[in-house]
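Below is input_29.pdb, which holds PDB, C-alpha atoms and all ligand atoms.
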```
ATOM      1  CA  MET A 151      81.901 113.156 118.072  1.00  0.00           C
ATOM      2  CA  GLU A 152      83.552 113.062 114.667  1.00  0.00           C
ATOM      3  CA  LEU A 153      83.334 109.828 112.728  1.00  0.00           C
ATOM      4  CA  ARG A 154      86.483 108.402 111.143  1.00  0.00           C
ATOM      5  CA  LEU A 155      86.050 106.339 108.004  1.00  0.00           C
ATOM      6  CA  SER A 156      88.136 103.413 106.801  1.00  0.00           C
ATOM      7  CA  PRO A 157      90.482 104.315 103.896  1.00  0.00           C
ATOM      8  CA  ARG A 158      88.079 102.459 101.562  1.00  0.00           C
ATOM      9  CA  LEU A 159      84.998 104.458 102.568  1.00  0.00           C
ATOM     10  CA  LYS A 160      87.054 107.668 102.771  1.00  0.00           C
ATOM     11  CA  ALA A 161      88.006 107.178  99.109  1.00  0.00           C
ATOM     12  CA  VAL A 162      84.311 106.623  98.284  1.00  0.00           C
ATOM     13  CA  SER A 163      83.379 109.816 100.177  1.00  0.00           C
ATOM     14  CA  GLU A 164      85.769 111.813  97.986  1.00  0.00           C
ATOM     15  CA  CYS A 165      83.725 110.848  94.907  1.00  0.00           C
ATOM     16  CA  VAL A 166      80.547 112.497  96.242  1.00  0.00           C
ATOM     17  CA  PRO A 167      80.091 116.033  94.847  1.00  0.00           C
ATOM     18  CA  GLN A 168      79.503 118.886  97.311  1.00  0.00           C
ATOM     19  CA  GLY A 169      75.773 119.532  97.883  1.00  0.00           C
ATOM     20  CA  SER A 170      74.622 116.083  96.704  1.00  0.00           C
ATOM     21  CA  ARG A 171      71.460 114.339  97.795  1.00  0.00           C
ATOM     22  CA  LEU A 172      72.748 110.851  98.482  1.00  0.00           C
ATOM     23  CA  LEU A 173      71.099 107.439  98.645  1.00  0.00           C
ATOM     24  CA  ASP A 174      73.530 104.916 100.163  1.00  0.00           C
ATOM     25  CA  ILE A 175      72.185 101.411  99.477  1.00  0.00           C
ATOM     26  CA  GLY A 176      73.384  98.713 101.870  1.00  0.00           C
ATOM     27  CA  SER A 177      74.577 101.399 104.259  1.00  0.00           C
ATOM     28  CA  ASP A 178      75.044  99.019 107.212  1.00  0.00           C
ATOM     29  CA  HIS A 179      76.016 101.401 110.076  1.00  0.00           C
ATOM     30  CA  ALA A 180      75.390 104.434 107.831  1.00  0.00           C
ATOM     31  CA  TYR A 181      79.009 105.507 108.282  1.00  0.00           C
ATOM     32  CA  LEU A 182      79.338 106.984 104.786  1.00  0.00           C
ATOM     33  CA  PRO A 183      76.282 109.311 104.967  1.00  0.00           C
ATOM     34  CA  ILE A 184      77.079 110.242 108.597  1.00  0.00           C
ATOM     35  CA  PHE A 185      80.634 111.254 107.676  1.00  0.00           C
ATOM     36  CA  LEU A 186      79.446 113.283 104.673  1.00  0.00           C
ATOM     37  CA  LEU A 187      76.669 114.998 106.656  1.00  0.00           C
ATOM     38  CA  GLN A 188      79.087 115.828 109.482  1.00  0.00           C
ATOM     39  CA  ASN A 189      81.391 117.429 106.930  1.00  0.00           C
ATOM     40  CA  HIS A 190      78.548 119.452 105.376  1.00  0.00           C
ATOM     41  CA  GLN A 191      78.994 117.784 102.017  1.00  0.00           C
ATOM     42  CA  LEU A 192      75.359 116.698 101.588  1.00  0.00           C
ATOM     43  CA  ASP A 193      72.014 118.446 101.300  1.00  0.00           C
ATOM     44  CA  PHE A 194      70.199 115.290 102.346  1.00  0.00           C
ATOM     45  CA  ALA A 195      70.918 111.586 102.762  1.00  0.00           C
ATOM     46  CA  VAL A 196      69.027 108.323 102.715  1.00  0.00           C
ATOM     47  CA  ALA A 197      70.743 105.335 104.323  1.00  0.00           C
ATOM     48  CA  SER A 198      69.014 102.122 103.284  1.00  0.00           C
ATOM     49  CA  GLU A 199      69.301  98.528 104.360  1.00  0.00           C
ATOM     50  CA  VAL A 200      67.594  95.290 103.423  1.00  0.00           C
ATOM     51  CA  ALA A 201      68.507  93.557 106.701  1.00  0.00           C
ATOM     52  CA  ALA A 202      66.948  94.391 110.064  1.00  0.00           C
ATOM     53  CA  GLY A 203      70.184  94.368 112.135  1.00  0.00           C
ATOM     54  CA  PRO A 204      72.149  96.829 109.976  1.00  0.00           C
ATOM     55  CA  TYR A 205      68.994  98.953 109.540  1.00  0.00           C
ATOM     56  CA  GLU A 206      68.675  99.255 113.349  1.00  0.00           C
ATOM     57  CA  ALA A 207      72.378 100.126 113.584  1.00  0.00           C
ATOM     58  CA  ALA A 208      72.014 102.825 110.911  1.00  0.00           C
ATOM     59  CA  LEU A 209      68.957 104.289 112.630  1.00  0.00           C
ATOM     60  CA  LYS A 210      70.674 104.311 116.044  1.00  0.00           C
ATOM     61  CA  ASN A 211      73.865 105.901 114.667  1.00  0.00           C
ATOM     62  CA  MET A 212      72.028 108.575 112.693  1.00  0.00           C
ATOM     63  CA  THR A 213      70.157 109.571 115.875  1.00  0.00           C
ATOM     64  CA  GLU A 214      73.197 109.378 118.161  1.00  0.00           C
ATOM     65  CA  TYR A 215      75.233 111.581 115.814  1.00  0.00           C
ATOM     66  CA  GLY A 216      72.378 114.121 115.871  1.00  0.00           C
ATOM     67  CA  LEU A 217      71.710 113.925 112.143  1.00  0.00           C
ATOM     68  CA  ALA A 218      68.194 112.444 112.062  1.00  0.00           C
ATOM     69  CA  ASP A 219      66.683 115.720 110.781  1.00  0.00           C
ATOM     70  CA  LYS A 220      68.996 115.727 107.728  1.00  0.00           C
ATOM     71  CA  ALA A 221      68.557 112.104 106.774  1.00  0.00           C
ATOM     72  CA  ALA A 222      66.152 109.215 106.349  1.00  0.00           C
ATOM     73  CA  VAL A 223      66.942 105.621 107.251  1.00  0.00           C
ATOM     74  CA  ARG A 224      64.905 103.047 105.322  1.00  0.00           C
ATOM     75  CA  LEU A 225      64.421  99.303 105.440  1.00  0.00           C
ATOM     76  CA  ALA A 226      64.152  98.452 101.740  1.00  0.00           C
ATOM     77  CA  ASP A 227      65.512  96.184  99.040  1.00  0.00           C
ATOM     78  CA  GLY A 228      67.907  98.017  96.707  1.00  0.00           C
ATOM     79  CA  LEU A 229      66.445 100.896  94.731  1.00  0.00           C
ATOM     80  CA  ALA A 230      63.028 100.439  96.355  1.00  0.00           C
ATOM     81  CA  ALA A 231      64.524 102.877  98.890  1.00  0.00           C
ATOM     82  CA  LEU A 232      64.598 105.625  96.251  1.00  0.00           C
ATOM     83  CA  ASP A 233      61.596 107.901  96.587  1.00  0.00           C
ATOM     84  CA  ALA A 234      61.220 110.411  93.714  1.00  0.00           C
ATOM     85  CA  SER A 235      60.330 113.200  96.157  1.00  0.00           C
ATOM     86  CA  ASP A 236      63.803 112.926  97.764  1.00  0.00           C
ATOM     87  CA  GLN A 237      65.392 114.254  94.533  1.00  0.00           C
ATOM     88  CA  ILE A 238      68.370 111.973  94.985  1.00  0.00           C
ATOM     89  CA  SER A 239      71.319 112.981  92.785  1.00  0.00           C
ATOM     90  CA  VAL A 240      73.883 110.357  93.791  1.00  0.00           C
ATOM     91  CA  VAL A 241      73.446 106.646  94.532  1.00  0.00           C
ATOM     92  CA  SER A 242      76.264 104.741  96.232  1.00  0.00           C
ATOM     93  CA  ILE A 243      76.413 100.948  96.549  1.00  0.00           C
ATOM     94  CA  CYS A 244      79.559  99.795  98.301  1.00  0.00           C
ATOM     95  CA  GLY A 245      81.137  96.787  99.946  1.00  0.00           C
ATOM     96  CA  MET A 246      79.166  94.091  98.125  1.00  0.00           C
ATOM     97  CA  GLY A 247      79.936  91.604  95.393  1.00  0.00           C
ATOM     98  CA  GLY A 248      79.807  92.945  91.853  1.00  0.00           C
ATOM     99  CA  ARG A 249      76.996  90.586  90.885  1.00  0.00           C
ATOM    100  CA  LEU A 250      74.828  91.757  93.779  1.00  0.00           C
ATOM    101  CA  ILE A 251      75.483  95.405  92.891  1.00  0.00           C
ATOM    102  CA  THR A 252      74.548  94.670  89.277  1.00  0.00           C
ATOM    103  CA  SER A 253      71.358  92.853  90.284  1.00  0.00           C
ATOM    104  CA  ILE A 254      70.323  95.805  92.494  1.00  0.00           C
ATOM    105  CA  LEU A 255      70.877  98.223  89.591  1.00  0.00           C
ATOM    106  CA  GLU A 256      69.085  95.987  87.100  1.00  0.00           C
ATOM    107  CA  ALA A 257      66.060  95.444  89.364  1.00  0.00           C
ATOM    108  CA  GLY A 258      65.538  99.190  89.885  1.00  0.00           C
ATOM    109  CA  LYS A 259      66.939 100.721  86.716  1.00  0.00           C
ATOM    110  CA  GLN A 260      63.719 102.529  85.773  1.00  0.00           C
ATOM    111  CA  LYS A 261      64.257 104.654  88.900  1.00  0.00           C
ATOM    112  CA  LEU A 262      67.735 105.812  87.890  1.00  0.00           C
ATOM    113  CA  ALA A 263      66.721 108.381  85.240  1.00  0.00           C
ATOM    114  CA  PRO A 264      66.972 111.455  87.559  1.00  0.00           C
ATOM    115  CA  VAL A 265      70.209 110.246  89.188  1.00  0.00           C
ATOM    116  CA  SER A 266      73.306 112.064  87.935  1.00  0.00           C
ATOM    117  CA  ARG A 267      76.017 109.870  89.478  1.00  0.00           C
ATOM    118  CA  LEU A 268      76.523 106.276  90.605  1.00  0.00           C
ATOM    119  CA  ILE A 269      79.383 105.431  92.958  1.00  0.00           C
ATOM    120  CA  LEU A 270      79.942 101.692  93.041  1.00  0.00           C
ATOM    121  CA  GLN A 271      82.515  99.799  95.059  1.00  0.00           C
ATOM    122  CA  PRO A 272      82.316  96.103  94.208  1.00  0.00           C
ATOM    123  CA  ASN A 273      84.450  93.706  96.239  1.00  0.00           C
ATOM    124  CA  ASN A 274      84.831  91.469  93.172  1.00  0.00           C
ATOM    125  CA  CYS A 275      83.468  90.935  89.618  1.00  0.00           C
ATOM    126  CA  GLU A 276      84.240  94.543  88.648  1.00  0.00           C
ATOM    127  CA  ASP A 277      83.978  93.480  84.988  1.00  0.00           C
ATOM    128  CA  THR A 278      80.302  92.515  85.511  1.00  0.00           C
ATOM    129  CA  VAL A 279      79.579  95.972  86.919  1.00  0.00           C
ATOM    130  CA  ARG A 280      81.397  97.769  84.075  1.00  0.00           C
ATOM    131  CA  SER A 281      79.547  95.659  81.536  1.00  0.00           C
ATOM    132  CA  TRP A 282      76.169  96.584  83.102  1.00  0.00           C
ATOM    133  CA  LEU A 283      77.093 100.289  83.093  1.00  0.00           C
ATOM    134  CA  ALA A 284      78.038 100.236  79.398  1.00  0.00           C
ATOM    135  CA  ALA A 285      74.869  98.328  78.471  1.00  0.00           C
ATOM    136  CA  ASN A 286      72.668 100.745  80.407  1.00  0.00           C
ATOM    137  CA  SER A 287      73.943 104.091  79.102  1.00  0.00           C
ATOM    138  CA  PHE A 288      76.381 104.982  81.856  1.00  0.00           C
ATOM    139  CA  LEU A 289      79.842 106.379  81.245  1.00  0.00           C
ATOM    140  CA  LEU A 290      82.771 105.861  83.609  1.00  0.00           C
ATOM    141  CA  LYS A 291      83.942 109.301  84.762  1.00  0.00           C
ATOM    142  CA  ASP A 292      86.510 108.082  87.257  1.00  0.00           C
ATOM    143  CA  GLU A 293      87.974 104.889  88.665  1.00  0.00           C
ATOM    144  CA  LYS A 294      89.950 104.572  91.871  1.00  0.00           C
ATOM    145  CA  LEU A 295      91.888 101.657  93.218  1.00  0.00           C
ATOM    146  CA  ILE A 296      92.849 101.610  96.854  1.00  0.00           C
ATOM    147  CA  LYS A 297      94.514  99.191  99.223  1.00  0.00           C
ATOM    148  CA  ASP A 298      92.927  98.885 102.662  1.00  0.00           C
ATOM    149  CA  SER A 299      93.894  96.211 105.214  1.00  0.00           C
ATOM    150  CA  GLN A 300      95.880  94.284 102.586  1.00  0.00           C
ATOM    151  CA  LYS A 301      92.929  94.137 100.167  1.00  0.00           C
ATOM    152  CA  PHE A 302      92.476  95.974  96.888  1.00  0.00           C
ATOM    153  CA  TYR A 303      89.197  97.778  96.193  1.00  0.00           C
ATOM    154  CA  GLU A 304      88.020  99.413  92.988  1.00  0.00           C
ATOM    155  CA  ILE A 305      85.645 102.377  93.077  1.00  0.00           C
ATOM    156  CA  LEU A 306      83.702 103.090  89.880  1.00  0.00           C
ATOM    157  CA  VAL A 307      82.151 106.522  89.331  1.00  0.00           C
ATOM    158  CA  ALA A 308      79.604 106.608  86.508  1.00  0.00           C
ATOM    159  CA  GLU A 309      77.312 109.229  85.022  1.00  0.00           C
ATOM    160  CA  PRO A 310      74.696 109.030  82.257  1.00  0.00           C
ATOM    161  CA  GLY A 311      76.438 108.702  78.885  1.00  0.00           C
ATOM    162  CA  LYS A 312      77.701 106.259  76.326  1.00  0.00           C
ATOM    163  CA  MET A 313      80.876 104.176  76.372  1.00  0.00           C
ATOM    164  CA  GLU A 314      82.260 101.154  74.602  1.00  0.00           C
ATOM    165  CA  LEU A 315      84.585  98.880  76.511  1.00  0.00           C
ATOM    166  CA  SER A 316      87.021  96.285  75.223  1.00  0.00           C
ATOM    167  CA  SER A 317      87.527  93.037  77.134  1.00  0.00           C
ATOM    168  CA  GLN A 318      90.680  94.582  78.660  1.00  0.00           C
ATOM    169  CA  ASP A 319      88.708  97.670  79.713  1.00  0.00           C
ATOM    170  CA  LEU A 320      86.117  95.465  81.402  1.00  0.00           C
ATOM    171  CA  ARG A 321      88.691  93.576  83.413  1.00  0.00           C
ATOM    172  CA  PHE A 322      91.264  96.257  84.200  1.00  0.00           C
ATOM    173  CA  GLY A 323      89.159  99.424  83.919  1.00  0.00           C
ATOM    174  CA  PRO A 324      89.516 101.910  81.045  1.00  0.00           C
ATOM    175  CA  ILE A 325      90.714 104.741  83.304  1.00  0.00           C
ATOM    176  CA  LEU A 326      92.868 102.688  85.683  1.00  0.00           C
ATOM    177  CA  ARG A 327      94.449 100.952  82.724  1.00  0.00           C
ATOM    178  CA  ARG A 328      95.316 104.266  81.111  1.00  0.00           C
ATOM    179  CA  GLU A 329      96.537 105.969  84.286  1.00  0.00           C
ATOM    180  CA  GLN A 330      98.315 102.954  85.809  1.00  0.00           C
ATOM    181  CA  PRO A 331      98.768 104.237  89.375  1.00  0.00           C
ATOM    182  CA  ALA A 332     101.400 102.394  91.433  1.00  0.00           C
ATOM    183  CA  VAL A 333      98.702 100.486  93.333  1.00  0.00           C
ATOM    184  CA  PHE A 334      97.281  99.232  90.008  1.00  0.00           C
ATOM    185  CA  LYS A 335     100.625  97.606  89.188  1.00  0.00           C
ATOM    186  CA  GLU A 336     100.814  96.204  92.710  1.00  0.00           C
ATOM    187  CA  LYS A 337      97.342  94.653  92.422  1.00  0.00           C
ATOM    188  CA  TRP A 338      97.917  93.062  89.051  1.00  0.00           C
ATOM    189  CA  LEU A 339     101.466  91.870  89.792  1.00  0.00           C
ATOM    190  CA  THR A 340     100.080  90.211  92.947  1.00  0.00           C
ATOM    191  CA  GLU A 341      97.392  88.561  90.811  1.00  0.00           C
ATOM    192  CA  LEU A 342     100.018  87.571  88.237  1.00  0.00           C
ATOM    193  CA  ARG A 343     102.127  85.804  90.874  1.00  0.00           C
ATOM    194  CA  LYS A 344      99.046  83.900  92.107  1.00  0.00           C
ATOM    195  CA  LEU A 345      98.154  82.795  88.592  1.00  0.00           C
ATOM    196  CA  GLU A 346     101.736  81.723  87.875  1.00  0.00           C
ATOM    197  CA  THR A 347     101.644  79.562  91.005  1.00  0.00           C
ATOM    198  CA  VAL A 348      98.319  78.038  89.914  1.00  0.00           C
ATOM    199  CA  LEU A 349      99.737  77.344  86.452  1.00  0.00           C
ATOM    200  CA  SER A 350     102.881  75.710  87.832  1.00  0.00           C
ATOM    201  CA  GLU A 351     100.728  73.355  89.898  1.00  0.00           C
ATOM    202  CA  LEU A 352      98.355  72.315  87.083  1.00  0.00           C
ATOM    203  CA  PRO A 353      99.173  69.055  85.281  1.00  0.00           C
ATOM    204  CA  GLU A 354     100.443  69.486  81.687  1.00  0.00           C
ATOM    205  CA  GLU A 355      97.250  68.181  80.078  1.00  0.00           C
ATOM    206  CA  HIS A 356      94.781  70.063  82.319  1.00  0.00           C
ATOM    207  CA  THR A 357      92.163  72.064  80.374  1.00  0.00           C
ATOM    208  CA  GLU A 358      92.380  75.014  82.836  1.00  0.00           C
ATOM    209  CA  ARG A 359      95.964  75.724  81.717  1.00  0.00           C
ATOM    210  CA  ALA A 360      94.832  77.605  78.601  1.00  0.00           C
ATOM    211  CA  VAL A 361      92.468  79.828  80.640  1.00  0.00           C
ATOM    212  CA  VAL A 362      95.112  80.625  83.261  1.00  0.00           C
ATOM    213  CA  SER A 363      97.773  81.229  80.585  1.00  0.00           C
ATOM    214  CA  GLN A 364      95.455  83.653  78.798  1.00  0.00           C
ATOM    215  CA  LYS A 365      94.856  85.576  82.045  1.00  0.00           C
ATOM    216  CA  ILE A 366      98.615  85.796  82.639  1.00  0.00           C
ATOM    217  CA  LYS A 367      99.202  87.039  79.096  1.00  0.00           C
ATOM    218  CA  ALA A 368      96.502  89.734  79.462  1.00  0.00           C
ATOM    219  CA  ILE A 369      98.016  91.031  82.732  1.00  0.00           C
ATOM    220  CA  LYS A 370     101.495  91.164  81.208  1.00  0.00           C
ATOM    221  CA  GLU A 371     100.193  93.076  78.192  1.00  0.00           C
ATOM    222  CA  VAL A 372      98.241  95.624  80.249  1.00  0.00           C
ATOM    223  CA  VAL A 373     100.765  96.214  83.018  1.00  0.00           C
ATOM    224  CA  ASN A 374     103.588  96.597  80.549  1.00  0.00           C
ATOM    225  CA  GLU A 375     101.764  98.828  78.119  1.00  0.00           C
ATOM    226  CA  SER A 376     103.125 102.357  78.083  1.00  0.00           C
ATOM    227  CA  LYS A 377     100.971 105.311  79.137  1.00  0.00           C
TER     228      LYS A 377
HETATM  229  N1  LIG A 401      78.138  99.922 102.368  1.00  0.00           N
HETATM  230  C1  LIG A 401      78.840  99.574 103.580  1.00  0.00           C
HETATM  231  C2  LIG A 401      80.323  99.565 103.358  1.00  0.00           C
HETATM  232  O1  LIG A 401      80.735  99.664 102.186  1.00  0.00           O
HETATM  233  O2  LIG A 401      81.076  99.452 104.320  1.00  0.00           O
HETATM  234  C3  LIG A 401      78.366  98.241 104.139  1.00  0.00           C
HETATM  235  C4  LIG A 401      78.735  97.046 103.309  1.00  0.00           C
HETATM  236  S1  LIG A 401      78.036  95.580 103.969  1.00  0.00           S
HETATM  237  C5  LIG A 401      79.291  94.432 103.696  1.00  0.00           C
HETATM  238  C6  LIG A 401      76.810  95.188 102.753  1.00  0.00           C
HETATM  239  C7  LIG A 401      75.418  95.578 103.225  1.00  0.00           C
HETATM  240  O3  LIG A 401      74.544  95.526 102.107  1.00  0.00           O
HETATM  241  C8  LIG A 401      74.865  94.601 104.264  1.00  0.00           C
HETATM  242  O4  LIG A 401      74.566  95.328 105.433  1.00  0.00           O
HETATM  243  C9  LIG A 401      73.599  94.055 103.592  1.00  0.00           C
HETATM  244  O5  LIG A 401      72.540  93.862 104.496  1.00  0.00           O
HETATM  245  C10 LIG A 401      73.276  95.126 102.564  1.00  0.00           C
HETATM  246  N2  LIG A 401      72.515  94.660 101.397  1.00  0.00           N
HETATM  247  C11 LIG A 401      72.693  93.530 100.692  1.00  0.00           C
HETATM  248  N3  LIG A 401      71.793  93.446  99.702  1.00  0.00           N
HETATM  249  C12 LIG A 401      71.024  94.562  99.772  1.00  0.00           C
HETATM  250  C13 LIG A 401      69.896  95.056  99.034  1.00  0.00           C
HETATM  251  N4  LIG A 401      69.397  94.357  98.017  1.00  0.00           N
HETATM  252  N5  LIG A 401      69.364  96.229  99.396  1.00  0.00           N
HETATM  253  C14 LIG A 401      69.861  96.943 100.437  1.00  0.00           C
HETATM  254  N6  LIG A 401      70.909  96.512 101.189  1.00  0.00           N
HETATM  255  C15 LIG A 401      71.478  95.352 100.855  1.00  0.00           C
END
```
Since I need it in another form, could you write the structure as structure tokens?
Amino acid sequence: MELRLSPRLKAVSECVPQGSRLLDIGSDHAYLPIFLLQNHQLDFAVASEVAAGPYEAALKNMTEYGLADKAAVRLADGLAALDASDQISVVSICGMGGRLITSILEAGKQKLAPVSRLILQPNNCEDTVRSWLAANSFLLKDEKLIKDSQKFYEILVAEPGKMELSSQDLRFGPILRREQPAVFKEKWLTELRKLETVLSELPEEHTERAVVSQKIKAIKEVVNESK
């Protein structure tokens, strides 16, 4: 039986190089590694989970899809799941808040030296994740923005390297901001409308007005800037 991924996880799967050895942290049902193994895109996969329920689901699915000999399923907190002997080349952490993703990376960063690619899909606080990457010698190689079930998701692909990011890069993404795909404009114009509503409802003397006005100004500058 062939697994079908959500558009969000499908977009993540497209960032995994052919022949990778993948560790998927917070894998839940292990859908991402199962899909990639079924499509012969991985040499080996580890699906890891910190919670017992999702770990059991991952284990059951990996067995039911007949992939248990090509993968390990581990109950572990973050990068504790990374065993040097697995020779993991790609680590994915998807579908969590940006602060949680950052705390997982920070707690296990000494284990990341042999890893050649991180694929991170924060549900929010993307700026926190970008800031951690820049401060820890990772370079953004690609950024994707997709809309799935009326929500926008950013996917950050990073490899070892150096980068410097401006405050606009942190918030909007250096690559997304430069490329400005249609969905990028849609996301930020949606956000702009929300902020304009918030501003119109704030009393004249409210201290939040300056913060909201600044956010509106930044969106207008970035979305209008030419390629
Ligand atoms: N990665 C899948 C996806 O993108 O669809 C599942 C996302 S699910 C919302 C987040 C999963 O991360 C949960 O199953 C949770 O148990 C797991 N998780 C949270 N913190 C974790 C940690 N420190 N280490 C491993 N897994 C973690």
For this session: Residues up to 9 Å from ligand LIG 401 (chain A), counting all atoms listed in the file: could you list those as number ranges by chain?
Result: A: 156, 158-159, 162, 174-182, 198-205, 225-231, 242-247, 250-251, 253-254, 271-272
Could those residues be written to a file, using C-alpha atoms, as a PDB file, keeping the file's coordinate frame?
```pdb
ATOM      1  CA  SER A 156      88.136 103.413 106.801  1.00  0.00           C
ATOM      2  CA  ARG A 158      88.079 102.459 101.562  1.00  0.00           C
ATOM      3  CA  LEU A 159      84.998 104.458 102.568  1.00  0.00           C
ATOM      4  CA  VAL A 162      84.311 106.623  98.284  1.00  0.00           C
ATOM      5  CA  ASP A 174      73.530 104.916 100.163  1.00  0.00           C
ATOM      6  CA  ILE A 175      72.185 101.411  99.477  1.00  0.00           C
ATOM      7  CA  GLY A 176      73.384  98.713 101.870  1.00  0.00           C
ATOM      8  CA  SER A 177      74.577 101.399 104.259  1.00  0.00           C
ATOM      9  CA  ASP A 178      75.044  99.019 107.212  1.00  0.00           C
ATOM     10  CA  HIS A 179      76.016 101.401 110.076  1.00  0.00           C
ATOM     11  CA  ALA A 180      75.390 104.434 107.831  1.00  0.00           C
ATOM     12  CA  TYR A 181      79.009 105.507 108.282  1.00  0.00           C
ATOM     13  CA  LEU A 182      79.338 106.984 104.786  1.00  0.00           C
ATOM     14  CA  SER A 198      69.014 102.122 103.284  1.00  0.00           C
ATOM     15  CA  GLU A 199      69.301  98.528 104.360  1.00  0.00           C
ATOM     16  CA  VAL A 200      67.594  95.290 103.423  1.00  0.00           C
ATOM     17  CA  ALA A 201      68.507  93.557 106.701  1.00  0.00           C
ATOM     18  CA  ALA A 202      66.948  94.391 110.064  1.00  0.00           C
ATOM     19  CA  GLY A 203      70.184  94.368 112.135  1.00  0.00           C
ATOM     20  CA  PRO A 204      72.149  96.829 109.976  1.00  0.00           C
ATOM     21  CA  TYR A 205      68.994  98.953 109.540  1.00  0.00           C
ATOM     22  CA  LEU A 225      64.421  99.303 105.440  1.00  0.00           C
ATOM     23  CA  ALA A 226      64.152  98.452 101.740  1.00  0.00           C
ATOM     24  CA  ASP A 227      65.512  96.184  99.040  1.00  0.00           C
ATOM     25  CA  GLY A 228      67.907  98.017  96.707  1.00  0.00           C
ATOM     26  CA  LEU A 229      66.445 100.896  94.731  1.00  0.00           C
ATOM     27  CA  ALA A 230      63.028 100.439  96.355  1.00  0.00           C
ATOM     28  CA  ALA A 231      64.524 102.877  98.890  1.00  0.00           C
ATOM     29  CA  SER A 242      76.264 104.741  96.232  1.00  0.00           C
ATOM     30  CA  ILE A 243      76.413 100.948  96.549  1.00  0.00           C
ATOM     31  CA  CYS A 244      79.559  99.795  98.301  1.00  0.00           C
ATOM     32  CA  GLY A 245      81.137  96.787  99.946  1.00  0.00           C
ATOM     33  CA  MET A 246      79.166  94.091  98.125  1.00  0.00           C
ATOM     34  CA  GLY A 247      79.936  91.604  95.393  1.00  0.00           C
ATOM     35  CA  LEU A 250      74.828  91.757  93.779  1.00  0.00           C
ATOM     36  CA  ILE A 251      75.483  95.405  92.891  1.00  0.00           C
ATOM     37  CA  SER A 253      71.358  92.853  90.284  1.00  0.00           C
ATOM     38  CA  ILE A 254      70.323  95.805  92.494  1.00  0.00           C
ATOM     39  CA  GLN A 271      82.515  99.799  95.059  1.00  0.00           C
ATOM     40  CA  PRO A 272      82.316  96.103  94.208  1.00  0.00           C
TER      41      PRO A 272
END
```
Write out as a tab-separated table a residue-level contact list of stretch 268-332 of chain A versus stretch 370-374 of chain A with cut-off 9 Å: for each qualifying residue the closest pair of atoms and the distance in Å to one decimal, counting all atoms listed in the file, rows sorted by chain and residue number upward.
```
residue	atom	partner	partner_atom	distance
A:Gln318	CA	A:Val372	CA	7.8
A:Phe322	CA	A:Val372	CA	8.0
A:Arg327	CA	A:Val372	CA	7.0
A:Gln330	CA	A:Val373	CA	7.7
```
Generate the output file for the selected residues, C-alpha atoms, as a CSV table (one decimal), keeping the file's coordinate frame.
```csv
chain,number,residue,atom,x,y,z
A,318,GLN,CA,90.7,94.6,78.7
A,322,PHE,CA,91.3,96.3,84.2
A,327,ARG,CA,94.4,101.0,82.7
A,330,GLN,CA,98.3,103.0,85.8
```
Exercise. Quick one: residues within 8 Å of A:Ser287, only C-alpha atoms counted, chain neighbours fewer than 5 positions away excluded, as number ranges by chain?
Worked result: A: 310-313
For this session: Run the PyMOL selection byres (((chain A and resi 210-224) around 6) and not hetatm) against the file shown and list the residues it catches, as number ranges by chain.
Result: A: 194-198, 207-209, 225-226
Exercise. Which is closer to A:Ser281 than all the others in A:Leu172, A:Leu345, A:Leu306, A:Leu187, using all atoms listed in the file?
Worked result: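 Among the listed residues, A:Leu306 lies closest to A:Ser281.
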For this session: For A:Ala308, list every protein, DNA or RNA residue within 7 Å, evaluated using all atoms listed in the file, and leave out those in the same chain fewer than 4 positions away; present the list as a ChimeraX atom specification.
Result: /A:267-269,288-291
Chain and number of each residue from the PyMOL selection byres (((chain A and resi 366) around 12) and not hetatm), as a tab-separated table (two decimals) with C-alpha atoms, keeping the file's coordinate frame:
```tsv
chain	number	residue	atom	x	y	z
A	338	TRP	CA	97.92	93.06	89.05
A	339	LEU	CA	101.47	91.87	89.79
A	340	THR	CA	100.08	90.21	92.95
A	341	GLU	CA	97.39	88.56	90.81
A	342	LEU	CA	100.02	87.57	88.24
A	343	ARG	CA	102.13	85.80	90.87
A	344	LYS	CA	99.05	83.90	92.11
A	345	LEU	CA	98.15	82.80	88.59
A	346	GLU	CA	101.74	81.72	87.88
A	347	THR	CA	101.64	79.56	91.00
A	348	VAL	CA	98.32	78.04	89.91
A	349	LEU	CA	99.74	77.34	86.45
A	359	ARG	CA	95.96	75.72	81.72
A	360	ALA	CA	94.83	77.60	78.60
A	361	VAL	CA	92.47	79.83	80.64
A	362	VAL	CA	95.11	80.62	83.26
A	363	SER	CA	97.77	81.23	80.58
A	364	GLN	CA	95.46	83.65	78.80
A	365	LYS	CA	94.86	85.58	82.04
A	367	LYS	CA	99.20	87.04	79.10
A	368	ALA	CA	96.50	89.73	79.46
A	369	ILE	CA	98.02	91.03	82.73
A	370	LYS	CA	101.50	91.16	81.21
A	371	GLU	CA	100.19	93.08	78.19
A	372	VAL	CA	98.24	95.62	80.25
A	373	VAL	CA	100.76	96.21	83.02
```
